[in-house]
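Participant: Got a file for you: entry.tsv, TSV, C-alpha atoms (C1' of nucleotides).
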```tsv
chain	number	residue	atom	x	y	z
A	485	MET	CA	115.82	1.48	52.70
A	486	ASN	CA	115.27	2.85	49.21
A	487	ILE	CA	112.25	2.22	47.02
A	488	GLY	CA	113.85	-0.64	45.13
A	489	GLU	CA	114.44	-2.65	48.24
A	490	ALA	CA	111.04	-1.72	49.63
A	491	ALA	CA	109.52	-2.99	46.40
A	492	ARG	CA	111.42	-6.26	46.58
A	493	ARG	CA	110.62	-6.82	50.22
A	494	SER	CA	106.97	-5.81	50.04
A	495	GLY	CA	106.06	-7.37	46.74
A	496	VAL	CA	104.69	-4.04	45.53
A	497	SER	CA	106.24	-2.48	42.41
A	498	ALA	CA	108.16	0.76	42.85
A	499	LYS	CA	105.72	2.34	40.45
A	500	MET	CA	102.77	1.44	42.62
A	501	ILE	CA	104.55	2.41	45.82
A	502	ARG	CA	104.93	5.91	44.43
A	503	HIS	CA	101.32	5.87	43.37
A	504	TYR	CA	100.15	4.87	46.83
A	505	GLU	CA	102.16	7.77	48.14
A	506	THR	CA	100.29	10.20	45.90
A	507	GLN	CA	97.12	8.71	47.36
A	508	GLY	CA	98.38	9.39	50.85
A	509	LEU	CA	98.68	5.75	51.90
A	510	VAL	CA	102.43	5.57	52.54
A	511	MET	CA	104.49	8.61	53.37
A	512	PRO	CA	108.18	7.66	53.67
A	513	GLN	CA	110.90	9.94	54.90
A	514	ARG	CA	113.06	11.69	52.35
A	515	LEU	CA	116.83	11.67	52.36
A	516	ALA	CA	118.85	14.78	51.63
A	517	ASN	CA	119.23	13.70	48.00
A	518	GLY	CA	115.47	13.44	47.54
A	519	TYR	CA	115.36	9.65	47.67
A	520	ARG	CA	112.50	8.06	49.55
A	521	ASP	CA	113.53	6.25	52.71
A	522	TYR	CA	111.32	3.44	53.92
A	523	ALA	CA	111.15	2.22	57.51
A	524	GLU	CA	110.08	-1.26	58.52
A	525	SER	CA	106.70	0.16	59.45
A	526	ASP	CA	106.30	1.44	55.89
A	527	LEU	CA	107.07	-2.05	54.65
A	528	ALA	CA	104.29	-3.39	56.84
A	529	VAL	CA	101.93	-0.85	55.36
A	530	LEU	CA	102.92	-1.83	51.84
A	531	ARG	CA	102.31	-5.47	52.60
A	532	PHE	CA	98.97	-4.59	54.12
A	533	ILE	CA	98.04	-2.76	50.95
A	534	ARG	CA	99.17	-5.65	48.81
A	535	HIS	CA	97.04	-8.09	50.77
A	536	ALA	CA	94.05	-5.79	50.65
A	537	ARG	CA	94.46	-5.29	46.91
A	538	ALA	CA	94.75	-9.04	46.44
A	539	LEU	CA	91.23	-9.17	47.87
A	540	ALA	CA	90.28	-6.42	45.41
A	541	PHE	CA	89.54	-3.80	48.04
A	542	PRO	CA	89.47	-0.46	46.23
A	543	LEU	CA	92.10	2.00	47.44
A	544	GLU	CA	89.43	4.03	49.16
A	545	ASP	CA	88.59	1.00	51.31
A	546	VAL	CA	92.27	0.32	51.85
A	547	ARG	CA	92.63	3.83	53.18
A	548	ARG	CA	89.84	3.24	55.71
A	549	LEU	CA	91.16	-0.18	56.66
A	550	LEU	CA	94.62	1.25	57.21
A	551	ALA	CA	93.19	3.94	59.44
A	552	LEU	CA	91.40	1.30	61.50
A	553	TRP	CA	94.48	-0.88	61.55
A	554	ARG	CA	96.50	1.95	63.04
A	555	ASP	CA	93.76	2.83	65.52
A	556	ARG	CA	94.31	0.79	68.67
A	557	ASN	CA	90.80	1.75	69.80
A	558	ARG	CA	89.04	0.63	66.66
A	559	ALA	CA	85.87	-1.41	66.84
A	560	SER	CA	86.15	-4.65	64.90
A	561	ALA	CA	82.58	-3.95	63.78
A	562	ASP	CA	83.88	-1.12	61.62
A	563	VAL	CA	86.35	-3.40	59.88
A	564	ARG	CA	83.72	-6.04	59.42
A	565	ARG	CA	81.28	-3.58	57.91
A	566	ILE	CA	83.78	-2.49	55.28
A	567	ALA	CA	84.69	-6.08	54.51
A	568	LEU	CA	81.11	-7.25	54.18
A	569	ALA	CA	80.09	-4.34	52.00
A	570	HIS	CA	82.99	-5.27	49.74
A	571	VAL	CA	81.98	-8.91	49.78
A	572	GLU	CA	78.52	-7.96	48.59
A	573	ALA	CA	79.95	-5.83	45.82
A	574	LEU	CA	82.18	-8.71	44.74
A	575	GLU	CA	79.39	-11.22	44.83
A	576	SER	CA	76.99	-9.11	42.89
A	577	LYS	CA	79.54	-8.42	40.20
A	578	ALA	CA	80.50	-12.08	40.10
A	579	GLN	CA	76.88	-13.12	39.79
A	580	ALA	CA	76.25	-10.63	37.03
A	581	MET	CA	79.23	-11.98	35.14
A	582	GLN	CA	78.19	-15.56	35.60
A	583	ALA	CA	74.70	-14.75	34.40
A	584	MET	CA	76.18	-13.24	31.25
A	585	ALA	CA	78.49	-16.20	30.82
A	586	ALA	CA	75.62	-18.67	31.25
A	587	SER	CA	73.46	-16.82	28.79
A	588	LEU	CA	76.24	-16.72	26.23
A	589	ARG	CA	77.12	-20.35	26.79
A	590	HIS	CA	73.52	-21.24	26.15
A	591	LEU	CA	73.53	-19.34	22.88
A	592	ALA	CA	76.84	-20.86	21.88
A	593	ALA	CA	75.51	-24.31	22.59
A	594	HIS	CA	72.90	-23.75	19.92
A	595	CYS	CA	75.38	-22.44	17.40
A	596	HIS	CA	76.56	-24.93	14.82
A	597	GLY	CA	80.04	-23.57	15.03
A	598	ASP	CA	80.89	-24.60	11.49
A	599	THR	CA	81.16	-22.84	8.16
A	600	ARG	CA	77.47	-21.98	7.94
A	601	PRO	CA	76.66	-18.33	8.55
A	602	ASP	CA	73.51	-18.62	10.64
A	603	CYS	CA	74.22	-18.15	14.30
A	604	PRO	CA	71.93	-17.72	17.30
A	605	ILE	CA	74.52	-15.52	18.98
A	606	LEU	CA	74.33	-12.92	16.26
A	607	ASP	CA	70.56	-13.35	16.14
A	608	GLU	CA	70.40	-12.45	19.79
A	609	LEU	CA	72.62	-9.40	19.41
A	610	GLU	CA	70.58	-8.26	16.45
A	611	LYS	CA	67.21	-8.26	18.23
A	612	SER	CA	65.31	-4.98	17.97
A	613	PRO	CA	64.48	-3.97	21.54
B	51	MET	CA	67.51	11.14	12.24
B	52	ASN	CA	69.67	13.19	14.56
B	53	ILE	CA	71.72	11.84	17.43
B	54	GLY	CA	69.10	12.59	20.07
B	55	GLU	CA	66.48	10.48	18.38
B	56	ALA	CA	69.03	7.76	17.60
B	57	ALA	CA	69.89	7.71	21.30
B	58	ARG	CA	66.26	7.42	22.32
B	59	ARG	CA	65.48	4.73	19.80
B	60	SER	CA	68.62	2.68	20.34
B	61	GLY	CA	68.91	2.96	24.09
B	62	VAL	CA	72.50	4.18	23.75
B	63	SER	CA	73.37	7.61	25.13
B	64	ALA	CA	74.35	10.31	22.67
B	65	LYS	CA	77.64	10.53	24.47
B	66	MET	CA	78.38	6.88	23.87
B	67	ILE	CA	77.14	6.99	20.30
B	68	ARG	CA	79.76	9.64	19.59
B	69	HIS	CA	82.34	7.55	21.38
B	70	TYR	CA	81.53	4.48	19.30
B	71	GLU	CA	81.98	6.63	16.26
B	72	THR	CA	85.49	7.60	17.35
B	73	GLN	CA	86.11	3.87	17.67
B	74	GLY	CA	84.95	3.33	14.13
B	75	LEU	CA	81.87	1.27	15.02
B	76	VAL	CA	79.13	3.56	13.65
B	77	MET	CA	79.79	6.08	10.92
B	78	PRO	CA	76.66	8.10	10.22
B	79	GLN	CA	76.21	10.52	7.37
B	80	ARG	CA	76.72	14.20	8.06
B	81	LEU	CA	74.24	16.90	7.12
B	82	ALA	CA	75.34	20.20	5.63
B	83	ASN	CA	75.21	21.79	9.09
B	84	GLY	CA	77.58	19.21	10.53
B	85	TYR	CA	74.90	17.25	12.38
B	86	ARG	CA	75.14	13.49	12.35
B	87	ASP	CA	72.38	11.78	10.39
B	88	TYR	CA	71.51	8.22	11.38
B	89	ALA	CA	69.85	5.72	9.07
B	90	GLU	CA	67.79	2.77	10.26
B	91	SER	CA	70.78	0.54	9.61
B	92	ASP	CA	72.83	2.67	11.99
B	93	LEU	CA	70.14	2.18	14.60
B	94	ALA	CA	70.43	-1.56	14.16
B	95	VAL	CA	74.17	-1.29	14.68
B	96	LEU	CA	73.68	0.74	17.84
B	97	ARG	CA	71.26	-1.81	19.22
B	98	PHE	CA	73.70	-4.56	18.34
B	99	ILE	CA	76.40	-2.76	20.26
B	100	ARG	CA	74.11	-2.23	23.20
B	101	HIS	CA	73.26	-5.92	23.35
B	102	ALA	CA	76.89	-6.93	23.03
B	103	ARG	CA	77.90	-4.48	25.77
B	104	ALA	CA	75.13	-5.83	27.98
B	105	LEU	CA	76.98	-9.14	27.73
B	106	ALA	CA	80.17	-7.27	28.60
B	107	PHE	CA	81.90	-7.88	25.30
B	108	PRO	CA	84.79	-5.43	25.11
B	109	LEU	CA	84.55	-2.99	22.21
B	110	GLU	CA	87.31	-4.82	20.42
B	111	ASP	CA	85.15	-7.95	20.40
B	112	VAL	CA	82.14	-5.89	19.39
B	113	ARG	CA	84.10	-4.65	16.43
B	114	ARG	CA	84.86	-8.20	15.33
B	115	LEU	CA	81.31	-9.38	15.94
B	116	LEU	CA	79.96	-6.48	13.91
B	117	ALA	CA	82.26	-7.38	11.05
B	118	LEU	CA	81.03	-10.96	11.12
B	119	TRP	CA	77.44	-9.80	11.41
B	120	ARG	CA	77.81	-7.76	8.25
B	121	ASP	CA	79.59	-10.57	6.44
B	122	ARG	CA	77.03	-12.75	4.74
B	123	ASN	CA	79.70	-15.39	4.20
B	124	ARG	CA	80.80	-15.58	7.79
B	125	ALA	CA	81.36	-18.93	9.46
B	126	SER	CA	79.32	-19.29	12.64
B	127	ALA	CA	82.42	-20.94	14.09
B	128	ASP	CA	84.14	-17.56	14.11
B	129	VAL	CA	81.33	-15.99	16.08
B	130	ARG	CA	81.25	-18.90	18.46
B	131	ARG	CA	84.97	-18.72	19.04
B	132	ILE	CA	84.78	-15.08	20.06
B	133	ALA	CA	81.82	-15.74	22.30
B	134	LEU	CA	83.36	-18.71	24.03
B	135	ALA	CA	86.64	-16.94	24.63
B	136	HIS	CA	84.67	-14.15	26.24
B	137	VAL	CA	82.70	-16.64	28.31
B	138	GLU	CA	85.92	-18.06	29.66
B	139	ALA	CA	87.20	-14.62	30.52
B	140	LEU	CA	83.95	-13.83	32.31
B	141	GLU	CA	83.94	-17.09	34.20
B	142	SER	CA	87.50	-16.82	35.32
B	143	LYS	CA	86.99	-13.29	36.58
B	144	ALA	CA	83.77	-14.29	38.27
B	145	GLN	CA	85.45	-17.24	39.93
B	146	ALA	CA	88.32	-15.10	41.12
B	147	MET	CA	85.89	-12.64	42.64
B	148	GLN	CA	83.89	-15.34	44.32
B	149	ALA	CA	87.02	-16.84	45.75
B	150	MET	CA	87.94	-13.48	47.23
B	151	ALA	CA	84.42	-13.02	48.52
B	152	ALA	CA	84.41	-16.45	50.09
B	153	SER	CA	87.74	-15.88	51.73
B	154	LEU	CA	86.63	-12.54	53.11
B	155	ARG	CA	83.32	-13.92	54.27
B	156	HIS	CA	85.20	-16.62	56.12
B	157	LEU	CA	87.36	-14.06	57.86
B	158	ALA	CA	84.35	-11.88	58.65
B	159	ALA	CA	82.55	-14.84	60.14
B	160	HIS	CA	85.33	-15.11	62.71
B	161	CYS	CA	85.26	-11.41	63.52
B	162	HIS	CA	83.37	-10.43	66.64
B	163	GLY	CA	82.04	-7.37	64.92
B	164	ASP	CA	81.61	-5.47	68.14
B	165	THR	CA	83.52	-2.75	69.97
B	166	ARG	CA	86.57	-4.88	70.61
B	167	PRO	CA	89.59	-4.05	68.44
B	168	ASP	CA	90.88	-7.51	67.64
B	169	CYS	CA	89.86	-8.63	64.21
B	170	PRO	CA	90.92	-11.59	62.06
B	171	ILE	CA	90.38	-9.54	58.93
B	172	LEU	CA	93.07	-7.06	59.91
B	173	ASP	CA	95.22	-9.91	61.15
B	174	GLU	CA	95.09	-11.45	57.71
B	175	LEU	CA	95.93	-8.20	55.93
B	176	GLU	CA	98.82	-7.64	58.30
B	177	LYS	CA	100.56	-10.95	57.65
B	178	SER	CA	104.19	-10.65	56.66
B	179	PRO	CA	104.59	-12.55	53.38
C	1068	DC	C1'	136.34	10.26	35.67
C	1069	DT	C1'	133.45	6.97	33.65
C	1070	DT	C1'	130.02	3.41	33.89
C	1071	DG	C1'	126.09	1.13	35.55
C	1072	DA	C1'	122.48	0.76	38.60
C	1073	DC	C1'	119.46	3.31	40.89
C	1074	DC	C1'	116.52	7.26	41.92
C	1075	DT	C1'	113.52	11.44	40.76
C	1076	DT	C1'	109.46	13.68	38.29
C	1077	DC	C1'	106.47	14.06	34.43
C	1078	DC	C1'	103.70	12.51	30.52
C	1079	DC	C1'	101.10	8.93	28.29
C	1080	DA	C1'	98.08	4.83	27.78
C	1081	DT	C1'	94.78	1.48	29.07
C	1082	DA	C1'	88.50	0.70	28.99
C	1083	DA	C1'	84.12	2.60	29.05
C	1084	DT	C1'	81.48	6.08	30.65
C	1085	DG	C1'	79.97	10.49	32.01
C	1086	DG	C1'	80.13	15.72	33.29
C	1087	DG	C1'	80.49	20.09	31.69
C	1088	DA	C1'	81.96	24.31	28.89
C	1089	DA	C1'	81.96	27.08	24.79
C	1090	DT	C1'	79.94	27.55	20.56
C	1091	DC	C1'	76.74	26.85	16.90
C	1092	DC	C1'	72.17	25.67	14.71
C	1093	DC	C1'	67.27	25.51	14.04
C	1094	DC	C1'	62.65	26.70	14.79
C	1095	DA	C1'	58.91	29.09	16.88
C	1096	DT	C1'	57.12	33.02	18.89
C	1097	DC	C1'	56.79	38.02	19.77
D	1052	DG	C1'	63.97	40.92	12.69
D	1053	DA	C1'	65.18	39.68	17.38
D	1054	DT	C1'	65.08	36.48	20.95
D	1055	DG	C1'	64.82	32.22	23.44
D	1056	DG	C1'	64.89	27.31	24.13
D	1057	DG	C1'	66.32	22.91	22.94
D	1058	DG	C1'	69.66	20.41	20.44
D	1059	DA	C1'	74.15	19.66	18.24
D	1060	DT	C1'	79.21	20.11	17.89
D	1061	DT	C1'	83.87	19.71	19.73
D	1062	DC	C1'	87.10	19.62	23.41
D	1063	DC	C1'	88.79	18.88	28.03
D	1064	DC	C1'	88.52	16.43	32.34
D	1065	DA	C1'	87.60	12.60	35.68
D	1066	DT	C1'	87.01	7.99	36.99
D	1067	DT	C1'	90.38	3.02	38.67
D	1068	DA	C1'	94.73	0.82	39.05
D	1069	DT	C1'	98.55	-0.19	36.65
D	1070	DG	C1'	102.41	0.20	33.74
D	1071	DG	C1'	105.74	2.15	30.00
D	1072	DG	C1'	109.06	5.30	29.04
D	1073	DA	C1'	111.82	9.73	28.81
D	1074	DA	C1'	114.93	13.16	30.78
D	1075	DG	C1'	117.83	14.01	34.26
D	1076	DG	C1'	120.06	13.54	39.13
D	1077	DT	C1'	122.93	10.39	42.45
D	1078	DC	C1'	125.96	7.17	44.08
D	1079	DA	C1'	129.47	3.61	44.38
D	1080	DA	C1'	132.88	0.82	42.26
D	1081	DG	C1'	136.42	0.48	39.10
```
What do you get writing this file as structure tokens?
Facilitator:
Amino acid sequence: MNIGEAARRSGVSAKMIRHYETQGLVMPQRLANGYRDYAESDLAVLRFIRHARALAFPLEDVRRLLALWRDRNRASADVRRIALAHVEALESKAQAMQAMAASLRHLAAHCHGDTRPDCPILDELEKSP
Amino acid sequence: MNIGEAARRSGVSAKMIRHYETQGLVMPQRLANGYRDYAESDLAVLRFIRHARALAFPLEDVRRLLALWRDRNRASADVRRIALAHVEALESKAQAMQAMAASLRHLAAHCHGDTRPDCPILDELEKSP
DNA sequence: CTTGACCTTCCCATAATGGGAATCCCCATC
DNA sequence: GATGGGGATTCCCATTATGGGAAGGTCAAG
């Protein structure tokens, strides 16, 4: 199947499919005319990538997960390790963001929010240190 | 003061100071030799930017906040609006990440994590839709 | 044989940050 | 005066993942 159909059936844009190819994640056959030719197994890979990306795994992790997925002798511990490291990265970023959000919400709560110019948010941003 | 001292005193790297200049956020004087020359007011701007970036405001927001900061006739409501919109962006990203983390943690909890190959994490990524 | 839908590659842009090269400037020391 | 070291300047490149768009090739139906 050509890239358009692969895109439709995998839920991955043709643009990204080509990109994943440059990253070595999906290597379809080529027809005589230069068109990419995707097999069902390529489709499965594309869906795998889509699911992994939906969980925000960076492509580097996706590459490792794909390798494990293809390896019938993998140890589930290896998969789990990658997943949990990613979970920690996600959680620490999420916590950092929520801390910023909370701090800003607090400042905003003390801001009149009317036509007066004085504003604790700007006061905070203006601090010297 | 030159860019090195401005960097030290503001806590913003020289590299980033130059970048902020290309973005129109800090426009220092230039000496005859071409060196940038920062005034105390520029330092205050740099610190302002650093604080705003520490709260993850995108530079576009920083630009608007700086404009309001300089405007003695600003309405605190304008500042608050920018801040709260950013808070919502932060919170929604944070929530999305935590949802992914939770979902992955759940899968990992059901993974043996030993030498056996079967793994619910891979099973999930492999799903067809 | 044209038209339309598809495919190809290549370049560009995003956001914020940093690395590094080539070149220039200033000041102090020999 | 020459030299050396520490800064400064600009310019290019890379990162991450995604998309827009151009220029040109291919194919099938009419």
Participant: Could you list the residues in chain D lying within 10 Å of chain A, using all atoms listed in the file, and format the result as an MDAnalysis selection string?
Facilitator: chainID D and resid 1067:1070 1076:1077
Participant: Quick one: pull the distance between CA of Gly495 (chain A) and CA of Lys177 (chain B), Å, one decimal.
Facilitator: 12.7 Å
Participant: Hand me chain B as it sits after a least-squares fit onto chain A over every Cα, paired in order, written as an mmCIF file with C-alpha atoms, in the coordinates of the input.
Facilitator:
```
data_model
loop_
_atom_site.group_PDB
_atom_site.id
_atom_site.type_symbol
_atom_site.label_atom_id
_atom_site.label_comp_id
_atom_site.auth_asym_id
_atom_site.auth_seq_id
_atom_site.Cartn_x
_atom_site.Cartn_y
_atom_site.Cartn_z
ATOM 1 C CA MET B 51 115.786 1.517 52.723
ATOM 2 C CA ASN B 52 115.284 2.868 49.235
ATOM 3 C CA ILE B 53 112.273 2.245 47.042
ATOM 4 C CA GLY B 54 113.863 -0.620 45.129
ATOM 5 C CA GLU B 55 114.464 -2.650 48.242
ATOM 6 C CA ALA B 56 111.045 -1.715 49.634
ATOM 7 C CA ALA B 57 109.537 -2.996 46.391
ATOM 8 C CA ARG B 58 111.434 -6.261 46.593
ATOM 9 C CA ARG B 59 110.629 -6.823 50.230
ATOM 10 C CA SER B 60 106.981 -5.814 50.047
ATOM 11 C CA GLY B 61 106.069 -7.373 46.736
ATOM 12 C CA VAL B 62 104.698 -4.040 45.511
ATOM 13 C CA SER B 63 106.259 -2.483 42.418
ATOM 14 C CA ALA B 64 108.171 0.752 42.839
ATOM 15 C CA LYS B 65 105.748 2.310 40.428
ATOM 16 C CA MET B 66 102.791 1.411 42.590
ATOM 17 C CA ILE B 67 104.557 2.382 45.790
ATOM 18 C CA ARG B 68 104.936 5.885 44.385
ATOM 19 C CA HIS B 69 101.315 5.839 43.328
ATOM 20 C CA TYR B 70 100.147 4.852 46.802
ATOM 21 C CA GLU B 71 102.151 7.739 48.112
ATOM 22 C CA THR B 72 100.300 10.171 45.853
ATOM 23 C CA GLN B 73 97.136 8.681 47.325
ATOM 24 C CA GLY B 74 98.375 9.385 50.809
ATOM 25 C CA LEU B 75 98.674 5.740 51.880
ATOM 26 C CA VAL B 76 102.439 5.553 52.528
ATOM 27 C CA MET B 77 104.496 8.610 53.342
ATOM 28 C CA PRO B 78 108.155 7.674 53.670
ATOM 29 C CA GLN B 79 110.891 9.946 54.909
ATOM 30 C CA ARG B 80 113.036 11.713 52.348
ATOM 31 C CA LEU B 81 116.820 11.690 52.369
ATOM 32 C CA ALA B 82 118.847 14.805 51.655
ATOM 33 C CA ASN B 83 119.221 13.713 48.024
ATOM 34 C CA GLY B 84 115.470 13.461 47.556
ATOM 35 C CA TYR B 85 115.345 9.664 47.684
ATOM 36 C CA ARG B 86 112.493 8.064 49.555
ATOM 37 C CA ASP B 87 113.539 6.260 52.723
ATOM 38 C CA TYR B 88 111.300 3.440 53.925
ATOM 39 C CA ALA B 89 111.151 2.229 57.510
ATOM 40 C CA GLU B 90 110.074 -1.258 58.531
ATOM 41 C CA SER B 91 106.688 0.162 59.459
ATOM 42 C CA ASP B 92 106.301 1.442 55.907
ATOM 43 C CA LEU B 93 107.052 -2.049 54.665
ATOM 44 C CA ALA B 94 104.282 -3.395 56.852
ATOM 45 C CA VAL B 95 101.919 -0.841 55.361
ATOM 46 C CA LEU B 96 102.917 -1.830 51.844
ATOM 47 C CA ARG B 97 102.314 -5.482 52.595
ATOM 48 C CA PHE B 98 98.969 -4.589 54.112
ATOM 49 C CA ILE B 99 98.036 -2.766 50.947
ATOM 50 C CA ARG B 100 99.178 -5.651 48.816
ATOM 51 C CA HIS B 101 97.040 -8.092 50.773
ATOM 52 C CA ALA B 102 94.035 -5.800 50.651
ATOM 53 C CA ARG B 103 94.464 -5.298 46.897
ATOM 54 C CA ALA B 104 94.747 -9.052 46.441
ATOM 55 C CA LEU B 105 91.227 -9.169 47.868
ATOM 56 C CA ALA B 106 90.285 -6.427 45.413
ATOM 57 C CA PHE B 107 89.537 -3.800 48.020
ATOM 58 C CA PRO B 108 89.469 -0.461 46.220
ATOM 59 C CA LEU B 109 92.095 1.996 47.438
ATOM 60 C CA GLU B 110 89.428 4.018 49.162
ATOM 61 C CA ASP B 111 88.585 0.987 51.298
ATOM 62 C CA VAL B 112 92.271 0.315 51.833
ATOM 63 C CA ARG B 113 92.620 3.814 53.164
ATOM 64 C CA ARG B 114 89.845 3.230 55.684
ATOM 65 C CA LEU B 115 91.152 -0.192 56.656
ATOM 66 C CA LEU B 116 94.616 1.245 57.196
ATOM 67 C CA ALA B 117 93.180 3.921 59.446
ATOM 68 C CA LEU B 118 91.388 1.299 61.506
ATOM 69 C CA TRP B 119 94.482 -0.878 61.566
ATOM 70 C CA ARG B 120 96.489 1.960 63.051
ATOM 71 C CA ASP B 121 93.759 2.821 65.530
ATOM 72 C CA ARG B 122 94.274 0.806 68.671
ATOM 73 C CA ASN B 123 90.774 1.745 69.795
ATOM 74 C CA ARG B 124 89.037 0.625 66.655
ATOM 75 C CA ALA B 125 85.852 -1.412 66.835
ATOM 76 C CA SER B 126 86.133 -4.662 64.895
ATOM 77 C CA ALA B 127 82.575 -3.952 63.768
ATOM 78 C CA ASP B 128 83.883 -1.119 61.613
ATOM 79 C CA VAL B 129 86.351 -3.391 59.885
ATOM 80 C CA ARG B 130 83.723 -6.039 59.414
ATOM 81 C CA ARG B 131 81.293 -3.573 57.924
ATOM 82 C CA ILE B 132 83.782 -2.496 55.284
ATOM 83 C CA ALA B 133 84.677 -6.074 54.500
ATOM 84 C CA LEU B 134 81.114 -7.255 54.196
ATOM 85 C CA ALA B 135 80.108 -4.360 51.993
ATOM 86 C CA HIS B 136 82.997 -5.266 49.736
ATOM 87 C CA VAL B 137 81.975 -8.916 49.775
ATOM 88 C CA GLU B 138 78.529 -7.960 48.584
ATOM 89 C CA ALA B 139 79.959 -5.840 45.814
ATOM 90 C CA LEU B 140 82.196 -8.709 44.739
ATOM 91 C CA GLU B 141 79.392 -11.224 44.833
ATOM 92 C CA SER B 142 76.997 -9.104 42.891
ATOM 93 C CA LYS B 143 79.556 -8.431 40.187
ATOM 94 C CA ALA B 144 80.511 -12.078 40.094
ATOM 95 C CA GLN B 145 76.888 -13.114 39.803
ATOM 96 C CA ALA B 146 76.269 -10.637 37.026
ATOM 97 C CA MET B 147 79.242 -11.985 35.125
ATOM 98 C CA GLN B 148 78.184 -15.558 35.600
ATOM 99 C CA ALA B 149 74.720 -14.746 34.406
ATOM 100 C CA MET B 150 76.173 -13.237 31.253
ATOM 101 C CA ALA B 151 78.472 -16.204 30.825
ATOM 102 C CA ALA B 152 75.624 -18.637 31.269
ATOM 103 C CA SER B 153 73.466 -16.804 28.803
ATOM 104 C CA LEU B 154 76.248 -16.713 26.245
ATOM 105 C CA ARG B 155 77.120 -20.337 26.804
ATOM 106 C CA HIS B 156 73.500 -21.207 26.180
ATOM 107 C CA LEU B 157 73.508 -19.319 22.912
ATOM 108 C CA ALA B 158 76.836 -20.847 21.899
ATOM 109 C CA ALA B 159 75.509 -24.304 22.613
ATOM 110 C CA HIS B 160 72.875 -23.737 19.940
ATOM 111 C CA CYS B 161 75.381 -22.439 17.413
ATOM 112 C CA HIS B 162 76.543 -24.913 14.807
ATOM 113 C CA GLY B 163 80.032 -23.543 15.006
ATOM 114 C CA ASP B 164 80.883 -24.581 11.490
ATOM 115 C CA THR B 165 81.147 -22.843 8.128
ATOM 116 C CA ARG B 166 77.476 -21.987 7.925
ATOM 117 C CA PRO B 167 76.647 -18.321 8.550
ATOM 118 C CA ASP B 168 73.518 -18.632 10.645
ATOM 119 C CA CYS B 169 74.222 -18.159 14.298
ATOM 120 C CA PRO B 170 71.935 -17.714 17.311
ATOM 121 C CA ILE B 171 74.533 -15.541 18.991
ATOM 122 C CA LEU B 172 74.327 -12.925 16.260
ATOM 123 C CA ASP B 173 70.575 -13.363 16.148
ATOM 124 C CA GLU B 174 70.401 -12.444 19.802
ATOM 125 C CA LEU B 175 72.632 -9.393 19.417
ATOM 126 C CA GLU B 176 70.573 -8.250 16.462
ATOM 127 C CA LYS B 177 67.223 -8.243 18.246
ATOM 128 C CA SER B 178 65.325 -4.989 18.014
ATOM 129 C CA PRO B 179 64.508 -3.942 21.587
#
```
Participant: What lies within 9 Å of region 587-597 of chain A using all atoms listed in the file, ignoring chain neighbours under 6 positions off, as a ChimeraX atom specification?
Facilitator: /A:603-605,608 /B:105,125-131,133-134,136-137
Participant: Using Å and a single decimal, report how far CA of Ala583 (chain A) sits from CA of Met147 (chain B).
Facilitator: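 Separating CA of Met147 (chain B) from CA of Ala583 (chain A) is a distance of 14.1 Å.
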Participant: Which is closer to DA1083 (chain C) than all the others in D:DA1053, D:DT1066, D:DG1058, D:DA1074, using all atoms listed in the file?
Facilitator: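 Checking each of D:DA1053, D:DT1066, D:DG1058, D:DA1074 against DA1083 (chain C), counting all atoms listed in the file, the winner is D:DT1066.
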Participant: Tell me the residues of chain A close to chain C, meaning within 12 Å using only C-alpha atoms (C1' of nucleotides), as a list in words.
Facilitator: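 The selection requested is Asn486, Ile487, Gly488, Glu489, Ala498, Lys499, Arg502, Arg514, Leu515, Asn517, Gly518, Tyr519, Arg520 and Asp521 of chain A.
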Participant: Using only C-alpha atoms for the distances, tell me which of A:Val496, A:Pro512, A:Arg531, A:Ala551 is nearest to chain B.
Facilitator: A:Arg531
Participant: What gap, in Å, lies between CA of Asp555 (chain A) and CA of Tyr522 (chain A)?
Facilitator: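 Spanning CA of Asp555 (chain A) to CA of Tyr522 (chain A) is a straight-line distance of 21.1 Å.
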Participant: For the point (69.4, -10.6, 15.9) in file coordinates, what residues are within 12 Å, counting all atoms listed in the file? Give the answer as a PyMOL selection string?
Facilitator: (chain A and resi 591+602-613) or (chain B and resi 94-95+97-99+101-102+115-116+119-120)
Participant: Which of these, A:Gln513, A:Ser525, A:Gln507, A:Gln582, has the shortest distance to chain B once you count all atoms listed in the file?
Facilitator: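 Distance minimum relative to chain B lands on A:Gln582.
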Participant: Could you give me region 170-175 of chain B completed to N, CA and C atoms, formatted as a short mmCIF file (atom, residue, chain, number, x, y, z; two decimals), in the frame of the given file?
Facilitator:
```
data_model
loop_
_atom_site.label_atom_id
_atom_site.label_comp_id
_atom_site.auth_asym_id
_atom_site.auth_seq_id
_atom_site.Cartn_x
_atom_site.Cartn_y
_atom_site.Cartn_z
N PRO B 170 90.19 -10.68 62.95
CA PRO B 170 90.92 -11.59 62.06
C PRO B 170 91.10 -11.03 60.65
N ILE B 171 90.25 -10.11 60.28
CA ILE B 171 90.38 -9.54 58.93
C ILE B 171 91.67 -8.71 58.87
N LEU B 172 91.83 -7.85 59.86
CA LEU B 172 93.07 -7.06 59.91
C LEU B 172 94.28 -7.96 60.12
N ASP B 173 94.11 -8.98 60.93
CA ASP B 173 95.22 -9.91 61.15
C ASP B 173 95.69 -10.49 59.83
N GLU B 174 94.75 -10.85 59.01
CA GLU B 174 95.09 -11.45 57.71
C GLU B 174 95.82 -10.45 56.82
N LEU B 175 95.32 -9.21 56.80
CA LEU B 175 95.93 -8.20 55.93
C LEU B 175 97.33 -7.83 56.41
#
```
